[in-house]
Each structure stands twice: as C-alpha cells, then as structure tokens.
$ cat my_file-v1.cif   # mmCIF, C-alpha atoms and all ligand atoms
data_upload
#
loop_
_atom_site.label_atom_id
_atom_site.label_comp_id
_atom_site.auth_asym_id
_atom_site.auth_seq_id
_atom_site.Cartn_x
_atom_site.Cartn_y
_atom_site.Cartn_z
CA MET U 5 23.07 -2.33 10.78
CA ARG U 6 20.99 -1.10 7.90
CA HIS U 7 21.73 2.40 6.68
CA TRP U 8 18.70 4.67 6.35
CA LYS U 9 19.00 8.05 4.77
CA LYS U 10 17.93 10.78 7.08
CA LYS U 11 16.75 13.24 4.45
CA ALA U 12 14.49 12.62 1.47
CA ASP U 13 16.53 11.89 -1.65
CA PRO U 14 19.80 13.64 -0.67
CA ALA U 15 21.42 12.52 -3.93
CA GLY U 16 18.93 14.76 -5.71
CA GLN U 17 18.40 12.34 -8.56
CA VAL U 18 14.66 12.08 -8.36
CA ASP U 19 12.96 14.87 -10.29
CA ARG U 20 10.62 16.39 -7.71
CA SER U 21 8.59 18.12 -10.40
CA ARG U 22 7.59 14.79 -11.98
CA LEU U 23 6.84 12.60 -9.01
CA PRO U 24 4.17 9.95 -9.24
CA ARG U 25 1.15 11.38 -7.46
CA HIS U 26 0.09 7.96 -6.21
CA VAL U 27 2.45 5.05 -5.48
CA ALA U 28 1.09 1.56 -4.77
CA ILE U 29 3.21 -1.22 -3.27
CA ILE U 30 2.61 -4.97 -2.96
CA MET U 31 4.64 -5.54 0.22
CA ASP U 32 5.89 -9.04 -0.61
CA GLY U 33 8.73 -11.25 0.60
CA ASN U 34 8.39 -11.05 4.39
CA GLY U 35 8.22 -14.82 4.84
CA ARG U 36 11.24 -15.59 2.67
CA TRP U 37 13.25 -12.84 4.37
CA ALA U 38 12.61 -14.47 7.74
CA ARG U 39 13.23 -18.05 6.60
CA ARG U 40 16.58 -17.07 5.10
CA ARG U 41 17.56 -15.90 8.57
CA GLY U 42 16.26 -19.04 10.24
CA LEU U 43 13.44 -17.04 11.82
CA PRO U 44 9.71 -17.74 11.86
CA ARG U 45 7.75 -16.11 9.02
CA THR U 46 6.09 -13.82 11.53
CA ALA U 47 9.47 -12.16 12.21
CA GLY U 48 9.39 -11.10 8.56
CA HIS U 49 5.98 -9.51 8.99
CA LYS U 50 7.25 -7.60 12.00
CA ALA U 51 10.25 -6.31 10.04
CA GLY U 52 7.93 -5.51 7.12
CA ALA U 53 5.65 -3.39 9.30
CA GLU U 54 8.63 -1.30 10.35
CA VAL U 55 9.66 -0.79 6.71
CA PHE U 56 6.12 0.38 5.92
CA ARG U 57 6.39 3.06 8.61
CA ARG U 58 9.67 4.34 7.20
CA ILE U 59 8.62 4.25 3.56
CA ALA U 60 5.37 6.10 4.35
CA THR U 61 7.37 8.85 6.03
CA TYR U 62 9.77 8.99 3.09
CA CYS U 63 6.89 9.25 0.57
CA LYS U 64 5.44 12.11 2.60
CA ASP U 65 8.82 13.88 2.76
CA LEU U 66 9.32 13.49 -1.00
CA GLY U 67 5.95 15.06 -1.74
CA ILE U 68 4.01 12.04 -2.96
CA GLU U 69 0.27 12.45 -2.28
CA TYR U 70 -0.90 8.86 -1.83
CA LEU U 71 0.84 5.64 -0.86
CA THR U 72 -1.34 2.52 -1.08
CA VAL U 73 0.04 -0.72 0.32
CA TYR U 74 -1.22 -4.28 0.11
CA ALA U 75 -1.09 -5.62 3.65
CA PHE U 76 -3.51 -8.57 3.62
CA SER U 77 -5.39 -10.03 0.68
CA THR U 78 -8.73 -11.85 0.54
CA GLU U 79 -6.63 -14.94 -0.31
CA ASN U 80 -4.26 -14.59 2.65
CA TRP U 81 -6.85 -16.24 4.96
CA LYS U 82 -5.59 -19.51 3.43
CA ARG U 83 -2.43 -19.19 5.53
CA PRO U 84 -1.97 -21.08 8.83
CA PRO U 85 -4.11 -19.51 11.59
CA GLU U 86 -1.00 -18.71 13.67
CA GLU U 87 0.37 -16.59 10.83
CA VAL U 88 -2.96 -14.82 10.25
CA ASP U 89 -3.22 -14.12 13.99
CA ALA U 90 0.31 -12.73 14.07
CA ILE U 91 -0.44 -10.39 11.14
CA MET U 92 -3.66 -9.19 12.81
CA GLY U 93 -1.72 -8.62 16.04
CA LEU U 94 0.84 -6.49 14.19
CA LEU U 95 -1.96 -4.48 12.60
CA ARG U 96 -3.48 -3.87 16.00
CA GLN U 97 -0.13 -2.69 17.32
CA TYR U 98 0.41 -0.51 14.27
CA MET U 99 -2.99 1.14 14.68
CA LEU U 100 -2.48 1.78 18.39
CA GLU U 101 0.84 3.47 17.61
CA ALA U 102 -0.66 5.40 14.70
CA ILE U 103 -3.44 6.75 16.90
CA ASP U 104 -0.73 8.35 19.04
CA SER U 105 1.58 9.53 16.26
CA MET U 106 -0.38 10.29 13.08
CA GLU U 107 -1.36 13.82 14.01
CA ARG U 108 2.21 14.70 14.98
CA ASP U 109 3.55 13.07 11.79
CA GLN U 110 0.74 14.53 9.64
CA ILE U 111 -0.04 11.19 8.04
CA ARG U 112 -3.66 10.42 7.18
CA LEU U 113 -4.59 6.76 7.25
CA ARG U 114 -7.33 5.01 5.35
CA PHE U 115 -8.13 1.31 5.18
CA LEU U 116 -9.40 -0.27 1.97
CA GLY U 117 -11.09 -3.66 1.82
CA ASP U 118 -13.89 -5.67 3.39
CA MET U 119 -13.52 -4.76 7.05
CA SER U 120 -16.55 -6.80 8.15
CA ALA U 121 -14.39 -9.94 8.50
CA LEU U 122 -11.95 -8.24 10.88
CA SER U 123 -12.28 -8.35 14.65
CA PRO U 124 -14.56 -5.76 16.32
CA GLU U 125 -11.48 -4.39 18.09
CA LEU U 126 -9.63 -3.79 14.82
CA GLN U 127 -12.75 -2.22 13.33
CA ALA U 128 -13.05 0.12 16.31
CA LEU U 129 -9.37 1.11 16.03
CA MET U 130 -9.92 1.86 12.34
CA GLU U 131 -12.80 4.15 13.21
CA ARG U 132 -10.52 6.02 15.57
CA THR U 133 -7.82 6.43 12.93
CA ASN U 134 -10.50 7.62 10.48
CA ASP U 135 -11.65 10.29 12.95
CA ILE U 136 -8.08 11.50 13.46
CA SER U 137 -7.43 11.45 9.69
CA ALA U 138 -10.36 13.80 9.16
CA ARG U 139 -8.37 16.47 11.07
CA ILE U 140 -5.21 16.01 8.96
CA GLU U 141 -4.48 17.41 5.52
CA GLY U 142 -1.93 16.33 2.96
CA PHE U 143 -0.21 12.97 2.58
CA GLN U 144 -2.43 9.87 2.87
CA ALA U 145 -1.39 6.26 3.39
CA ASN U 146 -3.96 3.66 2.32
CA VAL U 147 -3.63 0.20 3.82
CA CYS U 148 -5.40 -2.58 1.91
CA LEU U 149 -6.71 -5.13 4.37
CA ASN U 150 -8.83 -8.14 3.53
CA TYR U 151 -8.62 -6.55 0.12
CA GLY U 152 -9.20 -8.28 -3.21
CA GLY U 153 -9.58 -6.53 -6.55
CA ARG U 154 -12.32 -8.92 -7.66
CA ASP U 155 -14.19 -8.56 -4.37
CA GLU U 156 -13.93 -4.78 -4.71
CA ILE U 157 -15.33 -4.79 -8.25
CA LEU U 158 -18.18 -7.18 -7.34
CA GLN U 159 -19.32 -5.24 -4.29
CA ALA U 160 -19.13 -2.00 -6.31
CA ALA U 161 -21.22 -3.57 -9.08
CA ARG U 162 -23.89 -4.65 -6.59
CA ARG U 163 -24.06 -1.22 -4.99
CA CYS U 164 -23.97 0.65 -8.29
CA ALA U 165 -26.84 -1.50 -9.61
CA ALA U 166 -28.87 -0.94 -6.43
CA SER U 167 -28.35 2.84 -6.68
CA GLY U 168 -30.05 3.04 -10.08
CA GLU U 169 -27.27 5.38 -11.26
CA ALA U 170 -25.94 5.27 -14.81
CA TRP U 171 -23.11 2.74 -15.28
CA THR U 172 -20.38 5.20 -16.12
CA GLU U 173 -16.73 4.69 -15.13
CA GLU U 174 -17.01 7.71 -12.87
CA ASN U 175 -20.15 6.56 -11.04
CA PHE U 176 -18.80 3.03 -10.74
CA GLY U 177 -15.50 4.32 -9.31
CA ASN U 178 -17.42 5.95 -6.49
CA TYR U 179 -18.46 2.50 -5.24
CA LEU U 180 -14.93 1.10 -5.18
CA TYR U 181 -13.05 1.00 -1.86
CA SER U 182 -10.69 3.53 -3.47
CA ALA U 183 -13.44 6.12 -4.09
CA GLY U 184 -11.97 9.61 -4.27
CA LEU U 185 -8.34 8.49 -4.82
CA SER U 186 -6.50 9.11 -8.06
CA ASP U 187 -5.36 5.92 -9.84
CA PRO U 188 -1.85 4.70 -8.93
CA ASP U 189 0.77 6.11 -11.28
CA LEU U 190 3.40 3.62 -10.15
CA LEU U 191 2.85 0.08 -8.85
CA ILE U 192 5.89 -1.49 -7.19
CA ARG U 193 6.21 -5.18 -6.38
CA PRO U 194 9.31 -6.17 -4.45
CA GLY U 195 9.95 -9.83 -3.58
CA GLY U 196 10.74 -11.16 -7.07
CA GLU U 197 7.27 -12.22 -8.21
CA GLN U 198 5.88 -10.59 -11.34
CA ARG U 199 2.14 -10.76 -10.85
CA ILE U 200 -0.64 -8.56 -9.52
CA SER U 201 -2.14 -11.06 -7.02
CA ASN U 202 -5.65 -9.50 -7.10
CA PHE U 203 -4.45 -5.98 -6.24
CA LEU U 204 -6.15 -2.82 -7.59
CA LEU U 205 -7.40 -4.55 -10.75
CA TRP U 206 -9.61 -1.63 -11.80
CA GLN U 207 -7.28 1.17 -10.72
CA CYS U 208 -4.08 -0.14 -12.37
CA ALA U 209 -5.48 0.13 -15.91
CA TYR U 210 -2.72 2.63 -16.81
CA SER U 211 -0.25 2.30 -13.93
CA GLU U 212 3.45 1.85 -14.61
CA PHE U 213 4.72 -1.44 -13.11
CA TYR U 214 8.08 -1.84 -11.39
CA PHE U 215 9.26 -5.24 -10.16
CA CYS U 216 12.38 -5.85 -8.11
CA ASP U 217 13.95 -8.81 -6.29
CA THR U 218 14.51 -6.97 -3.01
CA LEU U 219 12.43 -8.60 -0.28
CA TRP U 220 10.10 -6.12 1.42
CA PRO U 221 11.94 -6.08 4.78
CA ASP U 222 15.11 -5.09 2.87
CA PHE U 223 13.33 -2.31 0.94
CA THR U 224 14.85 1.11 1.68
CA GLU U 225 14.37 4.71 0.63
CA ARG U 226 17.02 4.02 -2.01
CA THR U 227 14.92 1.18 -3.48
CA LEU U 228 12.00 3.58 -3.74
CA ASP U 229 14.26 6.16 -5.41
CA GLU U 230 15.25 3.52 -7.98
CA ALA U 231 11.60 2.72 -8.70
CA ILE U 232 10.76 6.41 -9.10
CA LEU U 233 13.78 6.97 -11.36
CA ALA U 234 12.62 4.08 -13.57
CA TYR U 235 9.11 5.55 -13.58
CA GLN U 236 10.46 8.93 -14.64
CA LYS U 237 12.03 7.34 -17.72
CA ARG U 238 8.73 5.85 -18.88
CA ASP U 239 6.71 7.34 -21.71
CA ARG U 240 3.08 7.35 -20.61
CA ARG U 241 0.78 7.59 -23.62
CA PHE U 242 -2.56 6.37 -22.23
CA GLY U 243 -3.40 4.94 -25.60
CA GLY U 244 -2.67 8.14 -27.50
CA VAL U 245 0.30 9.15 -29.65
CA LYS U 246 3.02 11.68 -28.98
C1 LIG T 301 3.88 -10.43 2.20
O1 LIG T 301 4.91 -11.30 2.47
C2 LIG T 301 2.99 -10.17 3.39
C3 LIG T 301 1.65 -10.76 3.30
C4 LIG T 301 1.16 -11.39 2.26
C5 LIG T 301 0.80 -10.65 4.46
P1 LIG T 301 4.71 -12.87 2.36
O2 LIG T 301 4.22 -13.38 3.66
O3 LIG T 301 3.85 -13.20 1.19
O4 LIG T 301 6.19 -13.34 2.13
P2 LIG T 301 6.68 -14.45 1.11
O5 LIG T 301 6.19 -14.04 -0.26
O6 LIG T 301 6.09 -15.74 1.56
O7 LIG T 301 8.16 -14.40 1.22
C1 LIG T 302 0.19 -10.49 -2.16
O1 LIG T 302 1.23 -11.31 -1.76
C2 LIG T 302 -0.58 -10.01 -0.98
C3 LIG T 302 0.11 -9.10 -0.09
C4 LIG T 302 1.34 -8.66 -0.22
C5 LIG T 302 -0.65 -8.63 1.04
P1 LIG T 302 1.08 -12.90 -1.70
O2 LIG T 302 2.37 -13.42 -1.23
O3 LIG T 302 -0.13 -13.25 -0.91
O4 LIG T 302 0.80 -13.25 -3.22
P2 LIG T 302 1.14 -14.55 -4.05
O5 LIG T 302 0.58 -15.73 -3.29
O6 LIG T 302 2.60 -14.62 -4.20
O7 LIG T 302 0.47 -14.33 -5.37
MG MG T 303 4.26 -13.55 -0.74
#
$ encode --input "my_file-v1.cif" --output "structure tokens"
Amino acid sequence: MRHWKKKADPAGQVDRSRLPRHVAIIMDGNGRWARRRGLPRTAGHKAGAEVFRRIATYCKDLGIEYLTVYAFSTENWKRPPEEVDAIMGLLRQYMLEAIDSMERDQIRLRFLGDMSALSPELQALMERTNDISARIEGFQANVCLNYGGRDEILQAARRCAASGEAWTEENFGNYLYSAGLSDPDLLIRPGGEQRISNFLLWQCAYSEFYFCDTLWPDFTERTLDEAILAYQKRDRRFGGVK
C-alpha cells in the first residue's frame, strides 16, 4: 500500500516563506503506469484522478495559491474513442464529487480551455462548480481541459483584435483562458518526457521547469516536496542581473 503523509511537509524541509505562488503540472504517464501493471490505460487515468485530488489538497495545505493541471489537451482527441470516453467519464465523476465536497474542502475550481467541444452535461457541471467557487476564497485548482497553448493564444488574438484595445501584454493576457491568474512559478512534468506539449505557452515565459521520471499515478506529496526544494535552489533573474 502506498504511504501518504498525513500532514503537509512534516519533514519541514520546504521553506514555507518561499513557496511558488503558482504550480503547474503536466499530469503524464497514466497509460504507461497501467500497462506496466497489465491493466488497460483507463485504469491509469482513474489512478491519476485520485492523485490529482490528493495533490490539490496538499498544495492547499502547504499554502500554494494556484495549482494548474493539464488534464486533456487539444491533441488528446487523437486517442481511441474508448479512451477519450473514459477520460470524459472520469471528469464527470470528478465534477459530481467536487460539487459535493469543494465547499467543505475550501477548494475553488476553474476550468481552462475550449469548453464548447465538451458535452452539454459536462458544461453544465462546470457551471455549477463555477457558481460554488464564487462562494469560496483562497486556494484555486485550475483544470486545463481541451486546452492547447496555441489555441489559447489564437482565440485571445482574435478577441483582442475585435475589442479594439491596445495590443499590450496586459490587455492580451486578459483574453487568455488564464485571465487573472499569476504566471506559473514552477512547471512540473512527471512521466519522463521533457517537453511542454502545448501547455501554457504564453504563461511559462519565466517559469522554472522540473522534470522527473515518476509516472503521475505514483506521484506523491514527497515528489512535490522534491520539486519545490529544487525550485527553491533556483536563481530567478527574469533577464536581469543580481
Ligand atoms: C496523461 O497520461 C493523461 C492524459 C494525457 C489524458 P497519458 O495517457 O499520456 O499516459 P502515457 O504518457 O501514455 O503513459
Ligand atoms: C500532455 O501529455 C497532455 C496531458 C497530460 C493532458 P501527452 O501524453 O498528451 O503529451 P505527449 O503526446 O507525450 O507530448
Ligand atoms: Mg502521455
């Protein structure tokens, strides 16, 4: 049985005064995790959804403000329909559970991406989670769904042009799906691949990247601690000198 720490960072190694404000995670490796166990890929997505729940709670307990996860990309429609259906089913289940628990857990939820391609039922559930989120303050989990960085930039460009506003970074940012969020300080990709796969292309301009081989269903609070510890050793200069 996997060991999960009950309390946030009991080892006390993570410096709570220098936490990343916004952590982004590409939740990768579900399929390989399942295949290695002789299970269908969908079993990996199920296990991955559970890890997301636990890591969101841990981020909240640590004092991180935003957690943004990549759950389904604009390219993931290329997968077999059975797999896409299974992922959508898990999302539906997740949202139904969140509707019951998010107020108690004090976790705001926001969905980023082109929601028009999702089923009317999923869209309605998202509206309900948005309404509940409006009553919650503090930690926010952002779930990127039918999300692509290029799609996000293109739709923002169209809307910014139509608005007649000046093309400043600030105005443009208000048309991105991520409007109002700070940029990710730390981007984590488990699963062994070292690429961005069309995630947060605009927002990651100055993010610190952390790659690890752990497959997402094996990701624990300790793995997040390790990523944060690595982040805390980085020297962020934003193009300046120190
Ligand atoms: C990430 O895990 C989840 C989604 C992309 C929906 P994968 O399904 O990509 O797992 P691997 O990379 O094939 O192991
Ligand atoms: C990125 O993972 C998308 C999500 C985790 C939702 P993929 O598994 O789809 O990315 P590639 O194909 O390895 O680049
Ligand atoms: Mg993958």
$ closest_residue --input "my_file-v1.cif" --among "U:Arg83, U:Tyr62, U:Cys164, U:Ala145" --to "Ala102 in chain U" --atoms "only C-alpha atoms"
U:Ala145
$ residues_near_ligand --input "my_file-v1.cif" --ligand "ligand LIG 302 (chain T)" --cutoff "7 Å" --atoms "all atoms listed in the file" --output "count of residues only"
13
$ atom_distance --input "my_file-v1.cif" --atom1 "CA of Asn134 in chain U" --atom2 "CA of Ser186 in chain U"
19.0 Å
$ residues_around --input "my_file-v1.cif" --residues "Lys64 in chain U" --least-positions-apart "6" --cutoff "9 Å" --atoms "only C-alpha atoms" --output "mmCIF file with C-alpha atoms, in the coordinates of the input"
data_model
loop_
_atom_site.group_PDB
_atom_site.id
_atom_site.type_symbol
_atom_site.label_atom_id
_atom_site.label_comp_id
_atom_site.auth_asym_id
_atom_site.auth_seq_id
_atom_site.Cartn_x
_atom_site.Cartn_y
_atom_site.Cartn_z
ATOM 1 C CA TYR U 70 -0.900 8.860 -1.830
ATOM 2 C CA LEU U 71 0.840 5.640 -0.860
ATOM 3 C CA GLN U 110 0.740 14.530 9.640
ATOM 4 C CA ILE U 111 -0.040 11.190 8.040
ATOM 5 C CA GLY U 142 -1.930 16.330 2.960
ATOM 6 C CA PHE U 143 -0.210 12.970 2.580
ATOM 7 C CA GLN U 144 -2.430 9.870 2.870
#
$ closest_residue --input "my_file-v1.cif" --among "U:Gly244, U:Pro24, U:Pro221, U:Pro44" --to "Ile59 in chain U" --atoms "all atoms listed in the file"
U:Pro221
$ closest_residue --input "my_file-v1.cif" --among "U:Ser182, U:Thr133, U:Gln198, U:Gln236" --to "ligand MG 303 (chain T)" --atoms "all atoms listed in the file"
U:Gln198
$ closest_residue --input "my_file-v1.cif" --among "U:Ile157, U:Ile136, U:Ala51, U:Leu191" --to "Asp104 in chain U" --atoms "all atoms listed in the file"
U:Ile136
$ residues_around --input "my_file-v1.cif" --residues "range 119-126 of chain U" --least-positions-apart "5" --cutoff "12 Å" --atoms "all atoms listed in the file" --output "list in words"
Phe76, Ser77, Thr78, Trp81, Val88, Asp89, Ile91, Met92, Gly93, Leu94, Leu95, Arg96, Gln97, Tyr98, Met99, Leu100, Arg114, Glu131, Arg132, Thr133, Val147, Cys148, Leu149, Asn150, Tyr151, Gly152, Glu156 and Tyr181 of chain U
$ closest_residue --input "my_file-v1.cif" --among "U:Ile103, U:Leu113, U:Ala53, U:Leu43" --to "Phe223 in chain U" --atoms "all atoms listed in the file"
U:Ala53
$ residues_around --input "my_file-v1.cif" --residues "Asp135 in chain U" --least-positions-apart "5" --cutoff "12 Å" --atoms "all atoms listed in the file" --output "ChimeraX atom specification"
/U:103,106-107,112-114,128-130,140
$ closest_residue --input "my_file-v1.cif" --among "U:Ile200, U:Ala166, U:Cys63, U:Ala160" --to "ligand MG 303 (chain T)" --atoms "all atoms listed in the file"
U:Ile200
